[in-house]
>>> print(open('structure_31.cif').read())   # mmCIF, C-alpha atoms
data_query
#
loop_
_atom_site.group_PDB
_atom_site.id
_atom_site.type_symbol
_atom_site.label_atom_id
_atom_site.label_comp_id
_atom_site.auth_asym_id
_atom_site.auth_seq_id
_atom_site.Cartn_x
_atom_site.Cartn_y
_atom_site.Cartn_z
ATOM 1 C CA MET A 1196 -49.653 -34.700 -3.382
ATOM 2 C CA ARG A 1197 -48.903 -34.819 -7.097
ATOM 3 C CA ILE A 1198 -45.920 -36.318 -8.889
ATOM 4 C CA THR A 1199 -43.824 -33.504 -10.318
ATOM 5 C CA GLY A 1200 -40.609 -35.334 -11.243
ATOM 6 C CA THR A 1201 -39.511 -38.583 -12.827
ATOM 7 C CA PHE A 1202 -36.406 -40.616 -13.472
ATOM 8 C CA LEU A 1203 -35.432 -41.418 -17.053
ATOM 9 C CA ASP A 1204 -34.310 -45.053 -17.191
ATOM 10 C CA GLU A 1205 -32.852 -45.471 -20.647
ATOM 11 C CA ILE A 1206 -29.660 -47.249 -19.550
ATOM 12 C CA SER A 1207 -31.145 -50.047 -17.488
ATOM 13 C CA HIS A 1208 -30.137 -53.450 -16.244
ATOM 14 C CA ASP A 1209 -33.552 -54.857 -15.295
ATOM 15 C CA ILE A 1210 -36.214 -53.040 -17.358
ATOM 16 C CA PRO A 1211 -36.812 -53.587 -21.103
ATOM 17 C CA HIS A 1212 -35.859 -50.854 -23.553
ATOM 18 C CA GLN A 1213 -38.660 -49.258 -25.556
ATOM 19 C CA ASN A 1214 -36.389 -48.313 -28.482
ATOM 20 C CA TRP A 1215 -37.625 -44.734 -28.702
ATOM 21 C CA GLY A 1216 -36.202 -42.045 -30.927
ATOM 22 C CA ARG A 1217 -36.529 -38.287 -30.596
ATOM 23 C CA GLU A 1218 -40.148 -38.234 -31.780
ATOM 24 C CA GLU A 1219 -41.248 -40.795 -29.184
ATOM 25 C CA TRP A 1220 -39.253 -39.123 -26.410
ATOM 26 C CA LYS A 1221 -40.732 -35.711 -27.209
ATOM 27 C CA LYS A 1222 -44.225 -37.189 -27.104
ATOM 28 C CA ASP A 1223 -43.456 -38.673 -23.705
ATOM 29 C CA PHE A 1224 -41.941 -35.469 -22.318
ATOM 30 C CA MET A 1225 -45.139 -33.703 -23.380
ATOM 31 C CA ALA A 1226 -47.229 -36.343 -21.583
ATOM 32 C CA MET A 1227 -45.134 -35.696 -18.466
ATOM 33 C CA LYS A 1228 -45.614 -31.949 -18.811
ATOM 34 C CA ALA A 1229 -49.369 -32.419 -19.185
ATOM 35 C CA ILE A 1230 -49.671 -33.752 -15.634
ATOM 36 C CA GLY A 1231 -47.313 -31.231 -14.060
ATOM 37 C CA ILE A 1232 -43.931 -32.964 -14.182
ATOM 38 C CA ASP A 1233 -41.265 -30.275 -14.233
ATOM 39 C CA THR A 1234 -38.162 -32.288 -13.341
ATOM 40 C CA VAL A 1235 -36.439 -35.216 -15.107
ATOM 41 C CA ILE A 1236 -33.588 -37.190 -13.571
ATOM 42 C CA MET A 1237 -31.452 -39.432 -15.742
ATOM 43 C CA ILE A 1238 -30.984 -42.540 -13.616
ATOM 44 C CA ARG A 1239 -27.415 -43.126 -14.837
ATOM 45 C CA CYS A 1240 -25.244 -41.921 -17.695
ATOM 46 C CA GLY A 1241 -23.908 -45.401 -18.291
ATOM 47 C CA HIS A 1242 -24.046 -48.964 -17.038
ATOM 48 C CA LYS A 1243 -21.221 -51.422 -17.632
ATOM 49 C CA ARG A 1244 -20.248 -50.918 -21.312
ATOM 50 C CA TRP A 1245 -23.422 -49.069 -22.344
ATOM 51 C CA MET A 1246 -23.749 -45.308 -22.175
ATOM 52 C CA THR A 1247 -26.143 -42.442 -22.879
ATOM 53 C CA PHE A 1248 -23.562 -40.169 -24.506
ATOM 54 C CA PRO A 1249 -20.287 -40.734 -26.359
ATOM 55 C CA SER A 1250 -18.038 -40.429 -23.322
ATOM 56 C CA GLU A 1251 -14.389 -40.555 -24.334
ATOM 57 C CA THR A 1252 -13.568 -41.754 -20.820
ATOM 58 C CA LEU A 1253 -15.910 -44.730 -21.006
ATOM 59 C CA ILE A 1254 -15.062 -45.558 -24.626
ATOM 60 C CA ALA A 1255 -11.405 -45.725 -23.623
ATOM 61 C CA ARG A 1256 -12.427 -48.281 -20.985
ATOM 62 C CA GLY A 1257 -14.110 -50.501 -23.584
ATOM 63 C CA GLY A 1258 -17.536 -48.884 -23.657
ATOM 64 C CA PHE A 1259 -19.730 -49.048 -26.744
ATOM 65 C CA LYS A 1260 -20.115 -45.704 -28.503
ATOM 66 C CA PRO A 1261 -23.873 -44.984 -28.705
ATOM 67 C CA PRO A 1262 -25.502 -44.131 -32.054
ATOM 68 C CA VAL A 1263 -27.457 -41.259 -30.447
ATOM 69 C CA ASP A 1264 -26.443 -38.761 -27.775
ATOM 70 C CA LEU A 1265 -29.364 -39.226 -25.403
ATOM 71 C CA VAL A 1266 -28.092 -36.693 -22.884
ATOM 72 C CA ASP A 1267 -28.094 -33.964 -25.518
ATOM 73 C CA MET A 1268 -31.570 -35.056 -26.626
ATOM 74 C CA PHE A 1269 -32.953 -35.040 -23.082
ATOM 75 C CA LEU A 1270 -31.447 -31.626 -22.354
ATOM 76 C CA ASP A 1271 -32.802 -30.159 -25.604
ATOM 77 C CA LEU A 1272 -36.294 -31.417 -24.733
ATOM 78 C CA ALA A 1273 -36.001 -30.160 -21.151
ATOM 79 C CA ASP A 1274 -34.829 -26.772 -22.455
ATOM 80 C CA GLU A 1275 -37.752 -26.615 -24.856
ATOM 81 C CA LEU A 1276 -40.375 -27.586 -22.270
ATOM 82 C CA ASP A 1277 -38.908 -25.554 -19.399
ATOM 83 C CA MET A 1278 -38.057 -28.585 -17.267
ATOM 84 C CA LYS A 1279 -35.128 -29.196 -14.920
ATOM 85 C CA PHE A 1280 -32.658 -31.968 -15.724
ATOM 86 C CA TYR A 1281 -30.457 -33.847 -13.255
ATOM 87 C CA PHE A 1282 -27.491 -35.774 -14.625
ATOM 88 C CA GLY A 1283 -27.071 -39.288 -13.230
ATOM 89 C CA THR A 1284 -23.564 -40.610 -12.604
ATOM 90 C CA TYR A 1285 -21.999 -43.783 -14.022
ATOM 91 C CA ASP A 1286 -22.535 -47.297 -12.648
ATOM 92 C CA SER A 1287 -19.795 -49.755 -13.568
ATOM 93 C CA GLY A 1288 -22.024 -52.673 -12.609
ATOM 94 C CA SER A 1289 -19.115 -54.210 -10.710
ATOM 95 C CA PHE A 1290 -16.925 -52.006 -8.513
ATOM 96 C CA TRP A 1291 -19.664 -50.549 -6.307
ATOM 97 C CA HIS A 1292 -21.453 -53.852 -5.951
ATOM 98 C CA ASN A 1293 -18.229 -55.721 -5.118
ATOM 99 C CA GLY A 1294 -17.146 -53.262 -2.468
ATOM 100 C CA GLU A 1295 -14.430 -51.619 -4.606
ATOM 101 C CA TYR A 1296 -15.780 -48.163 -3.866
ATOM 102 C CA ASP A 1297 -12.619 -46.187 -4.598
ATOM 103 C CA LYS A 1298 -12.436 -47.672 -8.096
ATOM 104 C CA GLU A 1299 -16.057 -46.684 -8.769
ATOM 105 C CA ILE A 1300 -15.337 -43.093 -7.851
ATOM 106 C CA GLU A 1301 -12.096 -43.029 -9.849
ATOM 107 C CA VAL A 1302 -14.075 -43.952 -12.969
ATOM 108 C CA ASN A 1303 -16.796 -41.412 -12.215
ATOM 109 C CA LEU A 1304 -14.678 -38.333 -11.586
ATOM 110 C CA PRO A 1305 -13.520 -37.850 -15.215
ATOM 111 C CA VAL A 1306 -16.975 -38.829 -16.526
ATOM 112 C CA VAL A 1307 -18.795 -36.097 -14.599
ATOM 113 C CA GLU A 1308 -16.155 -33.569 -15.641
ATOM 114 C CA GLU A 1309 -16.611 -34.577 -19.267
ATOM 115 C CA ALA A 1310 -20.383 -34.315 -18.929
ATOM 116 C CA TRP A 1311 -20.225 -30.840 -17.426
ATOM 117 C CA ASN A 1312 -17.877 -29.615 -20.154
ATOM 118 C CA ARG A 1313 -20.238 -30.979 -22.819
ATOM 119 C CA TYR A 1314 -23.626 -30.050 -21.390
ATOM 120 C CA GLY A 1315 -23.218 -27.487 -18.622
ATOM 121 C CA HIS A 1316 -24.330 -24.669 -20.932
ATOM 122 C CA HIS A 1317 -27.904 -26.000 -21.125
ATOM 123 C CA LYS A 1318 -30.355 -23.880 -19.146
ATOM 124 C CA SER A 1319 -32.140 -27.034 -17.959
ATOM 125 C CA PHE A 1320 -29.001 -28.601 -16.423
ATOM 126 C CA ALA A 1321 -30.156 -28.173 -12.835
ATOM 127 C CA GLY A 1322 -27.988 -30.590 -10.873
ATOM 128 C CA TRP A 1323 -26.625 -34.058 -10.291
ATOM 129 C CA TYR A 1324 -27.953 -37.438 -9.232
ATOM 130 C CA LEU A 1325 -25.661 -39.958 -7.516
ATOM 131 C CA SER A 1326 -26.785 -43.225 -9.096
ATOM 132 C CA LEU A 1327 -24.798 -45.379 -6.657
ATOM 133 C CA GLU A 1328 -27.492 -46.275 -4.153
ATOM 134 C CA ILE A 1329 -26.961 -46.565 -0.428
ATOM 135 C CA SER A 1330 -28.972 -47.658 2.595
ATOM 136 C CA ARG A 1331 -28.232 -47.621 6.295
ATOM 137 C CA ARG A 1332 -26.262 -50.825 5.761
ATOM 138 C CA LYS A 1333 -23.806 -48.908 3.584
ATOM 139 C CA ALA A 1334 -23.034 -46.089 5.996
ATOM 140 C CA HIS A 1335 -19.348 -46.935 5.640
ATOM 141 C CA VAL A 1336 -19.289 -45.498 2.101
ATOM 142 C CA VAL A 1337 -20.169 -41.971 3.179
ATOM 143 C CA ASP A 1338 -16.636 -40.673 2.527
ATOM 144 C CA ILE A 1339 -16.798 -42.058 -1.022
ATOM 145 C CA TYR A 1340 -20.143 -40.315 -1.540
ATOM 146 C CA ARG A 1341 -18.655 -37.063 -0.298
ATOM 147 C CA ARG A 1342 -15.811 -37.210 -2.840
ATOM 148 C CA LEU A 1343 -18.101 -37.625 -5.821
ATOM 149 C CA SER A 1344 -20.616 -35.057 -4.616
ATOM 150 C CA GLN A 1345 -17.936 -32.458 -3.912
ATOM 151 C CA SER A 1346 -16.465 -32.956 -7.378
ATOM 152 C CA CYS A 1347 -19.879 -32.435 -9.015
ATOM 153 C CA LYS A 1348 -20.456 -29.282 -7.017
ATOM 154 C CA GLU A 1349 -17.002 -27.824 -7.692
ATOM 155 C CA LEU A 1350 -17.392 -28.391 -11.427
ATOM 156 C CA SER A 1351 -20.807 -26.811 -11.711
ATOM 157 C CA GLY A 1352 -20.708 -23.860 -9.347
ATOM 158 C CA ASN A 1353 -22.435 -25.702 -6.499
ATOM 159 C CA LYS A 1354 -25.423 -27.073 -8.405
ATOM 160 C CA PRO A 1355 -27.490 -29.323 -6.118
ATOM 161 C CA VAL A 1356 -26.807 -33.023 -5.652
ATOM 162 C CA LEU A 1357 -29.689 -35.495 -5.283
ATOM 163 C CA ILE A 1358 -29.655 -38.985 -3.780
ATOM 164 C CA SER A 1359 -32.414 -41.601 -3.704
ATOM 165 C CA PRO A 1360 -31.511 -44.127 -0.987
ATOM 166 C CA PHE A 1361 -33.556 -47.180 -0.191
ATOM 167 C CA ILE A 1362 -35.177 -48.051 3.097
ATOM 168 C CA THR A 1363 -33.754 -51.266 4.501
ATOM 169 C CA GLY A 1364 -37.210 -52.680 5.191
ATOM 170 C CA ILE A 1365 -39.248 -55.844 5.107
ATOM 171 C CA LYS A 1366 -39.097 -56.155 1.303
ATOM 172 C CA GLN A 1367 -35.317 -56.213 1.688
ATOM 173 C CA ASN A 1368 -35.759 -59.206 4.025
ATOM 174 C CA ASP A 1369 -34.814 -56.977 6.933
ATOM 175 C CA SER A 1370 -36.344 -56.759 10.375
ATOM 176 C CA GLY A 1371 -35.003 -53.279 11.069
ATOM 177 C CA THR A 1372 -37.072 -50.838 13.094
ATOM 178 C CA LEU A 1373 -38.094 -47.242 12.551
ATOM 179 C CA GLU A 1374 -35.832 -46.291 15.450
ATOM 180 C CA GLU A 1375 -32.825 -47.935 13.801
ATOM 181 C CA HIS A 1376 -33.599 -46.169 10.531
ATOM 182 C CA GLU A 1377 -33.784 -42.801 12.253
ATOM 183 C CA ARG A 1378 -30.637 -43.285 14.338
ATOM 184 C CA GLU A 1379 -28.464 -44.528 11.489
ATOM 185 C CA TRP A 1380 -29.674 -42.009 8.919
ATOM 186 C CA ASP A 1381 -29.203 -39.218 11.426
ATOM 187 C CA ASN A 1382 -25.537 -40.247 11.567
ATOM 188 C CA ILE A 1383 -25.243 -40.611 7.766
ATOM 189 C CA LEU A 1384 -26.721 -37.182 7.072
ATOM 190 C CA ASP A 1385 -24.490 -35.636 9.700
ATOM 191 C CA ALA A 1386 -21.460 -37.124 7.922
ATOM 192 C CA LEU A 1387 -22.722 -35.894 4.537
ATOM 193 C CA ASN A 1388 -23.199 -32.356 5.799
ATOM 194 C CA GLY A 1389 -22.771 -29.799 3.022
ATOM 195 C CA THR A 1390 -22.395 -32.306 0.193
ATOM 196 C CA ILE A 1391 -25.972 -33.534 -0.371
ATOM 197 C CA ASP A 1392 -28.795 -31.098 -1.075
ATOM 198 C CA ILE A 1393 -31.814 -33.301 -1.767
ATOM 199 C CA MET A 1394 -32.783 -36.785 -0.620
ATOM 200 C CA ALA A 1395 -35.697 -38.741 -2.097
ATOM 201 C CA PHE A 1396 -36.051 -42.115 -0.407
ATOM 202 C CA GLN A 1397 -37.465 -44.942 -2.502
ATOM 203 C CA ASP A 1398 -40.815 -45.854 -0.972
ATOM 204 C CA GLY A 1399 -41.157 -49.490 -2.044
ATOM 205 C CA HIS A 1400 -38.959 -51.516 0.311
ATOM 206 C CA CYS A 1401 -41.126 -51.324 3.429
ATOM 207 C CA GLY A 1402 -44.663 -52.414 4.212
ATOM 208 C CA PHE A 1403 -47.493 -50.087 3.222
ATOM 209 C CA ASP A 1404 -48.516 -49.852 6.867
ATOM 210 C CA GLU A 1405 -44.990 -48.676 7.811
ATOM 211 C CA LEU A 1406 -44.475 -46.143 5.030
ATOM 212 C CA ALA A 1407 -45.984 -43.092 6.733
ATOM 213 C CA GLY A 1408 -43.675 -43.624 9.707
ATOM 214 C CA TYR A 1409 -40.569 -43.841 7.536
ATOM 215 C CA LEU A 1410 -41.530 -40.790 5.489
ATOM 216 C CA GLU A 1411 -42.188 -38.734 8.622
ATOM 217 C CA ILE A 1412 -38.732 -39.653 9.950
ATOM 218 C CA ASN A 1413 -37.125 -38.755 6.623
ATOM 219 C CA SER A 1414 -38.868 -35.392 6.576
ATOM 220 C CA ARG A 1415 -37.853 -34.664 10.165
ATOM 221 C CA LEU A 1416 -34.221 -35.635 9.568
ATOM 222 C CA ALA A 1417 -34.083 -33.499 6.427
ATOM 223 C CA ARG A 1418 -35.244 -30.438 8.355
ATOM 224 C CA LYS A 1419 -32.701 -31.139 11.092
ATOM 225 C CA HIS A 1420 -29.808 -31.377 8.622
ATOM 226 C CA GLY A 1421 -30.894 -28.595 6.273
ATOM 227 C CA ILE A 1422 -31.622 -30.936 3.344
ATOM 228 C CA THR A 1423 -34.571 -30.785 0.959
ATOM 229 C CA CYS A 1424 -36.822 -33.820 1.355
ATOM 230 C CA TRP A 1425 -38.549 -35.415 -1.622
ATOM 231 C CA SER A 1426 -40.126 -38.861 -1.898
ATOM 232 C CA ASN A 1427 -39.514 -41.362 -4.700
ATOM 233 C CA CYS A 1428 -42.945 -42.882 -5.284
ATOM 234 C CA GLU A 1429 -42.188 -46.064 -7.196
ATOM 235 C CA SER A 1430 -44.678 -46.585 -10.012
ATOM 236 C CA PHE A 1431 -43.778 -50.259 -10.400
ATOM 237 C CA ASP A 1432 -45.087 -53.055 -8.186
ATOM 238 C CA ARG A 1433 -42.605 -54.820 -5.910
ATOM 239 C CA ASP A 1434 -45.292 -57.268 -4.734
ATOM 240 C CA MET A 1435 -45.682 -59.075 -8.049
ATOM 241 C CA PRO A 1436 -43.698 -62.220 -8.974
ATOM 242 C CA ILE A 1437 -42.689 -60.573 -12.277
ATOM 243 C CA ARG A 1438 -39.991 -57.865 -12.242
ATOM 244 C CA PHE A 1439 -41.329 -55.275 -13.013
ATOM 245 C CA LEU A 1440 -44.906 -54.266 -13.857
ATOM 246 C CA PRO A 1441 -46.867 -51.018 -13.393
ATOM 247 C CA ILE A 1442 -48.251 -50.590 -9.907
ATOM 248 C CA LYS A 1443 -51.920 -50.790 -8.982
ATOM 249 C CA TRP A 1444 -53.436 -47.296 -8.782
ATOM 250 C CA GLU A 1445 -54.772 -47.937 -5.264
ATOM 251 C CA LYS A 1446 -51.233 -48.618 -4.021
ATOM 252 C CA MET A 1447 -49.827 -45.495 -5.670
ATOM 253 C CA LEU A 1448 -52.588 -43.367 -4.156
ATOM 254 C CA LEU A 1449 -51.841 -44.756 -0.698
ATOM 255 C CA LYS A 1450 -48.171 -43.831 -1.110
ATOM 256 C CA LEU A 1451 -48.972 -40.324 -2.348
ATOM 257 C CA GLU A 1452 -51.233 -39.761 0.650
ATOM 258 C CA ALA A 1453 -48.461 -40.941 2.992
ATOM 259 C CA ALA A 1454 -46.058 -38.455 1.377
ATOM 260 C CA LYS A 1455 -48.567 -35.637 1.860
ATOM 261 C CA GLN A 1456 -49.063 -36.603 5.489
ATOM 262 C CA ALA A 1457 -45.302 -36.585 6.083
ATOM 263 C CA GLY A 1458 -44.901 -33.107 4.613
ATOM 264 C CA VAL A 1459 -42.302 -33.932 1.949
ATOM 265 C CA GLU A 1460 -41.610 -31.087 -0.452
ATOM 266 C CA LYS A 1461 -41.855 -32.901 -3.788
ATOM 267 C CA VAL A 1462 -42.751 -36.339 -5.143
ATOM 268 C CA ILE A 1463 -40.825 -37.919 -7.993
ATOM 269 C CA THR A 1464 -41.318 -41.375 -9.470
ATOM 270 C CA PHE A 1465 -39.349 -44.283 -10.806
ATOM 271 C CA GLU A 1466 -40.357 -44.122 -13.428
ATOM 272 C CA PHE A 1467 -42.890 -42.497 -15.683
ATOM 273 C CA SER A 1468 -41.969 -43.698 -19.167
ATOM 274 C CA HIS A 1469 -42.248 -47.428 -18.492
ATOM 275 C CA PHE A 1470 -44.787 -47.652 -15.691
ATOM 276 C CA MET A 1471 -47.063 -44.617 -15.909
ATOM 277 C CA SER A 1472 -46.951 -43.283 -19.446
ATOM 278 C CA PRO A 1473 -49.725 -43.533 -22.054
ATOM 279 C CA ASN A 1474 -46.877 -44.261 -24.491
ATOM 280 C CA SER A 1475 -45.413 -47.188 -22.540
ATOM 281 C CA SER A 1476 -45.082 -50.664 -24.005
ATOM 282 C CA TYR A 1477 -47.097 -51.770 -20.952
ATOM 283 C CA HIS A 1478 -50.768 -51.024 -21.654
ATOM 284 C CA SER A 1479 -51.570 -50.904 -17.952
ATOM 285 C CA ALA A 1480 -49.191 -47.945 -17.575
ATOM 286 C CA GLY A 1481 -51.527 -45.885 -19.736
ATOM 287 C CA HIS A 1482 -54.451 -46.923 -17.555
ATOM 288 C CA LEU A 1483 -52.492 -45.800 -14.475
ATOM 289 C CA TYR A 1484 -51.941 -42.442 -16.200
ATOM 290 C CA ASN A 1485 -55.684 -42.166 -16.812
ATOM 291 C CA ARG A 1486 -56.605 -43.032 -13.216
ATOM 292 C CA TYR A 1487 -54.055 -40.488 -11.956
ATOM 293 C CA ARG A 1488 -55.481 -37.756 -14.190
ATOM 294 C CA GLU A 1489 -59.054 -38.597 -13.151
ATOM 295 C CA HIS A 1490 -58.188 -38.433 -9.454
ATOM 296 C CA PHE A 1491 -56.438 -35.074 -9.686
ATOM 297 C CA GLN A 1492 -58.856 -33.755 -12.334
ATOM 298 C CA ILE A 1493 -56.054 -32.933 -14.755
#
>>> encode(input="structure_31.cif", output="structure tokens")
Amino acid sequence: MRITGTFLDEISHDIPHQNWGREEWKKDFMAMKAIGIDTVIMIRCGHKRWMTFPSETLIARGGFKPPVDLVDMFLDLADELDMKFYFGTYDSGSFWHNGEYDKEIEVNLPVVEEAWNRYGHHKSFAGWYLSLEISRRKAHVVDIYRRLSQSCKELSGNKPVLISPFITGIKQNDSGTLEEHEREWDNILDALNGTIDIMAFQDGHCGFDELAGYLEINSRLARKHGITCWSNCESFDRDMPIRFLPIKWEKMLLKLEAAKQAGVEKVITFEFSHFMSPNSSYHSAGHLYNRYREHFQI
């Protein structure tokens, strides 16, 4: 099971910036393309006061106007290389995390409208990514999710909406069971009916020995609810004391094999440019890229 999609984490709160310009980004997009990546997902269009494009909405709220329009750059590169681009929504860094869910959506609605008006003409603009993460512990925010997703779809002529929830597992200090995961996500997906098209669970919050079970449940639930099932194969290592470093190849291979066994339709990663790219500031990311290419004879 190969990785054919990646997040783009340029507006981050816990990963160092690599300070790339267009030349470096094009080189990296070409490295992605070389191993079969055909989909890029911008993790978020803004975080707190920082943003990827000069959003009038966010600037009016005190945001810093960026010197470069990264969204336009990413879309141009995706257009050129025949890749699909998913636009990630805004993360205030406060409202969602403090339980002020309505306020988070109220900020996002004009931002996604602005983004569509600016960039919807690009052939690579394939859909939307809801950057506000949920787990089974946040089932109560389903109505908020529906509002944002419906707005994105109405603006864009029903372009697909992607989510990447996290498993509330042992690495979240949780003793939840597979049965609880299945029961609660069955209810969540039922409530989200018609508003979410693709789900790609993060695969790093549970034990390696549990992962196949979780992925099989996710795949089964997706089929039941008519949703496309991807897997988000994290290319950083959650087991290290340092946040965050590229993952050991053996661990990534185990996760890819679990995804294949579960029958998911596509594997994406968080995220190529920092943790798997030959251009990364982490040298070990380039070695991971080499091991991946050797294994799949690319």
>>> resolve_selection(input="structure_31.cif", expression="the PyMOL selection byres ((chain A and resi 1419) around 12)", output="number ranges by chain")
A: 1377, 1380-1382, 1384-1385, 1388, 1412-1418, 1420-1424
>>> atom_distance(input="structure_31.cif", atom1="atom CA of A:Arg1331", atom2="atom CA of A:Ser1351")
28.5 Å
>>> resolve_selection(input="structure_31.cif", expression="the PyMOL selection byres ((chain A and resi 1279) around 6)", output="list in words")
Thr1234, Met1278, Phe1280, Ser1319 and Ala1321 of chain A
>>> residues_around(input="structure_31.cif", residues="A:Ile1362", least_positions_apart="5", cutoff="7 Å", atoms="only C-alpha atoms", output="PDB file with C-alpha atoms, in the coordinates of the input")
ATOM      1  CA  SER A1330     -28.972 -47.658   2.595  1.00  0.00           C
ATOM      2  CA  PHE A1396     -36.051 -42.115  -0.407  1.00  0.00           C
ATOM      3  CA  GLN A1397     -37.465 -44.942  -2.502  1.00  0.00           C
ATOM      4  CA  HIS A1400     -38.959 -51.516   0.311  1.00  0.00           C
ATOM      5  CA  CYS A1401     -41.126 -51.324   3.429  1.00  0.00           C
TER       6      CYS A1401
END
>>> resolve_selection(input="structure_31.cif", expression="the PyMOL selection byres ((chain A and resi 1402-1406) around 10)", output="list in words")
Ile1362, Gly1364, Ile1365, Lys1366, Thr1372, Leu1373, Asp1398, Gly1399, His1400, Cys1401, Ala1407, Gly1408, Tyr1409, Leu1410, Glu1411, Ile1412, Lys1446, Leu1449, Lys1450, Ala1453, Ala1454 and Ala1457 of chain A
>>> write_last_selection(input="structure_31.cif", atoms="C-alpha atoms", output="PDB file, in the frame of the given file")
ATOM      1  CA  ILE A1362     -35.177 -48.051   3.097  1.00  0.00           C
ATOM      2  CA  GLY A1364     -37.210 -52.680   5.191  1.00  0.00           C
ATOM      3  CA  ILE A1365     -39.248 -55.844   5.107  1.00  0.00           C
ATOM      4  CA  LYS A1366     -39.097 -56.155   1.303  1.00  0.00           C
ATOM      5  CA  THR A1372     -37.072 -50.838  13.094  1.00  0.00           C
ATOM      6  CA  LEU A1373     -38.094 -47.242  12.551  1.00  0.00           C
ATOM      7  CA  ASP A1398     -40.815 -45.854  -0.972  1.00  0.00           C
ATOM      8  CA  GLY A1399     -41.157 -49.490  -2.044  1.00  0.00           C
ATOM      9  CA  HIS A1400     -38.959 -51.516   0.311  1.00  0.00           C
ATOM     10  CA  CYS A1401     -41.126 -51.324   3.429  1.00  0.00           C
ATOM     11  CA  ALA A1407     -45.984 -43.092   6.733  1.00  0.00           C
ATOM     12  CA  GLY A1408     -43.675 -43.624   9.707  1.00  0.00           C
ATOM     13  CA  TYR A1409     -40.569 -43.841   7.536  1.00  0.00           C
ATOM     14  CA  LEU A1410     -41.530 -40.790   5.489  1.00  0.00           C
ATOM     15  CA  GLU A1411     -42.188 -38.734   8.622  1.00  0.00           C
ATOM     16  CA  ILE A1412     -38.732 -39.653   9.950  1.00  0.00           C
ATOM     17  CA  LYS A1446     -51.233 -48.618  -4.021  1.00  0.00           C
ATOM     18  CA  LEU A1449     -51.841 -44.756  -0.698  1.00  0.00           C
ATOM     19  CA  LYS A1450     -48.171 -43.831  -1.110  1.00  0.00           C
ATOM     20  CA  ALA A1453     -48.461 -40.941   2.992  1.00  0.00           C
ATOM     21  CA  ALA A1454     -46.058 -38.455   1.377  1.00  0.00           C
ATOM     22  CA  ALA A1457     -45.302 -36.585   6.083  1.00  0.00           C
TER      23      ALA A1457
END
>>> residues_around(input="structure_31.cif", residues="stretch 1196-1203 of chain A", least_positions_apart="4", cutoff="10 Å", atoms="only C-alpha atoms", output="short mmCIF file (atom, residue, chain, number, x, y, z; two decimals) with C-alpha atoms, keeping the file's coordinate frame")
data_model
loop_
_atom_site.label_atom_id
_atom_site.label_comp_id
_atom_site.auth_asym_id
_atom_site.auth_seq_id
_atom_site.Cartn_x
_atom_site.Cartn_y
_atom_site.Cartn_z
CA SER A 1207 -31.14 -50.05 -17.49
CA MET A 1227 -45.13 -35.70 -18.47
CA LYS A 1228 -45.61 -31.95 -18.81
CA ILE A 1230 -49.67 -33.75 -15.63
CA GLY A 1231 -47.31 -31.23 -14.06
CA ILE A 1232 -43.93 -32.96 -14.18
CA ASP A 1233 -41.26 -30.28 -14.23
CA THR A 1234 -38.16 -32.29 -13.34
CA VAL A 1235 -36.44 -35.22 -15.11
CA ILE A 1236 -33.59 -37.19 -13.57
CA MET A 1237 -31.45 -39.43 -15.74
CA ILE A 1238 -30.98 -42.54 -13.62
CA ARG A 1239 -27.42 -43.13 -14.84
CA PHE A 1269 -32.95 -35.04 -23.08
CA MET A 1278 -38.06 -28.58 -17.27
CA LYS A 1279 -35.13 -29.20 -14.92
CA PHE A 1280 -32.66 -31.97 -15.72
CA TYR A 1281 -30.46 -33.85 -13.26
CA GLY A 1283 -27.07 -39.29 -13.23
CA TYR A 1324 -27.95 -37.44 -9.23
CA TRP A 1425 -38.55 -35.42 -1.62
CA SER A 1426 -40.13 -38.86 -1.90
CA ASN A 1427 -39.51 -41.36 -4.70
CA CYS A 1428 -42.94 -42.88 -5.28
CA GLU A 1429 -42.19 -46.06 -7.20
CA SER A 1430 -44.68 -46.58 -10.01
CA LEU A 1448 -52.59 -43.37 -4.16
CA LYS A 1450 -48.17 -43.83 -1.11
CA LEU A 1451 -48.97 -40.32 -2.35
CA GLU A 1452 -51.23 -39.76 0.65
CA ALA A 1453 -48.46 -40.94 2.99
CA ALA A 1454 -46.06 -38.46 1.38
CA LYS A 1455 -48.57 -35.64 1.86
CA GLN A 1456 -49.06 -36.60 5.49
CA GLY A 1458 -44.90 -33.11 4.61
CA VAL A 1459 -42.30 -33.93 1.95
CA GLU A 1460 -41.61 -31.09 -0.45
CA LYS A 1461 -41.86 -32.90 -3.79
CA VAL A 1462 -42.75 -36.34 -5.14
CA ILE A 1463 -40.83 -37.92 -7.99
CA THR A 1464 -41.32 -41.38 -9.47
CA PHE A 1465 -39.35 -44.28 -10.81
CA GLU A 1466 -40.36 -44.12 -13.43
CA PHE A 1467 -42.89 -42.50 -15.68
CA SER A 1468 -41.97 -43.70 -19.17
CA HIS A 1469 -42.25 -47.43 -18.49
CA TYR A 1487 -54.06 -40.49 -11.96
CA PHE A 1491 -56.44 -35.07 -9.69
#
>>> atom_distance(input="structure_31.cif", atom1="atom CA of A:Ile1383", atom2="atom CA of A:Pro1355")
18.0 Å
>>> residues_around(input="structure_31.cif", residues="A:Ala1480", least_positions_apart="5", cutoff="10 Å", atoms="only C-alpha atoms", output="number ranges by chain")
A: 1430-1431, 1440-1444, 1467-1475, 1485-1486
>>> closest_residue(input="structure_31.cif", among="A:Ile1339, A:Asn1368, A:Ser1346, A:Ala1273", to="A:Ala1386", atoms="all atoms listed in the file")
A:Ile1339
>>> closest_residue(input="structure_31.cif", among="A:Ser1287, A:Phe1439, A:Ala1229, A:Trp1215", to="A:Tyr1484", atoms="all atoms listed in the file")
A:Ala1229
>>> atom_distance(input="structure_31.cif", atom1="atom CA of A:Glu1309", atom2="atom CA of A:Asp1223")
27.5 Å
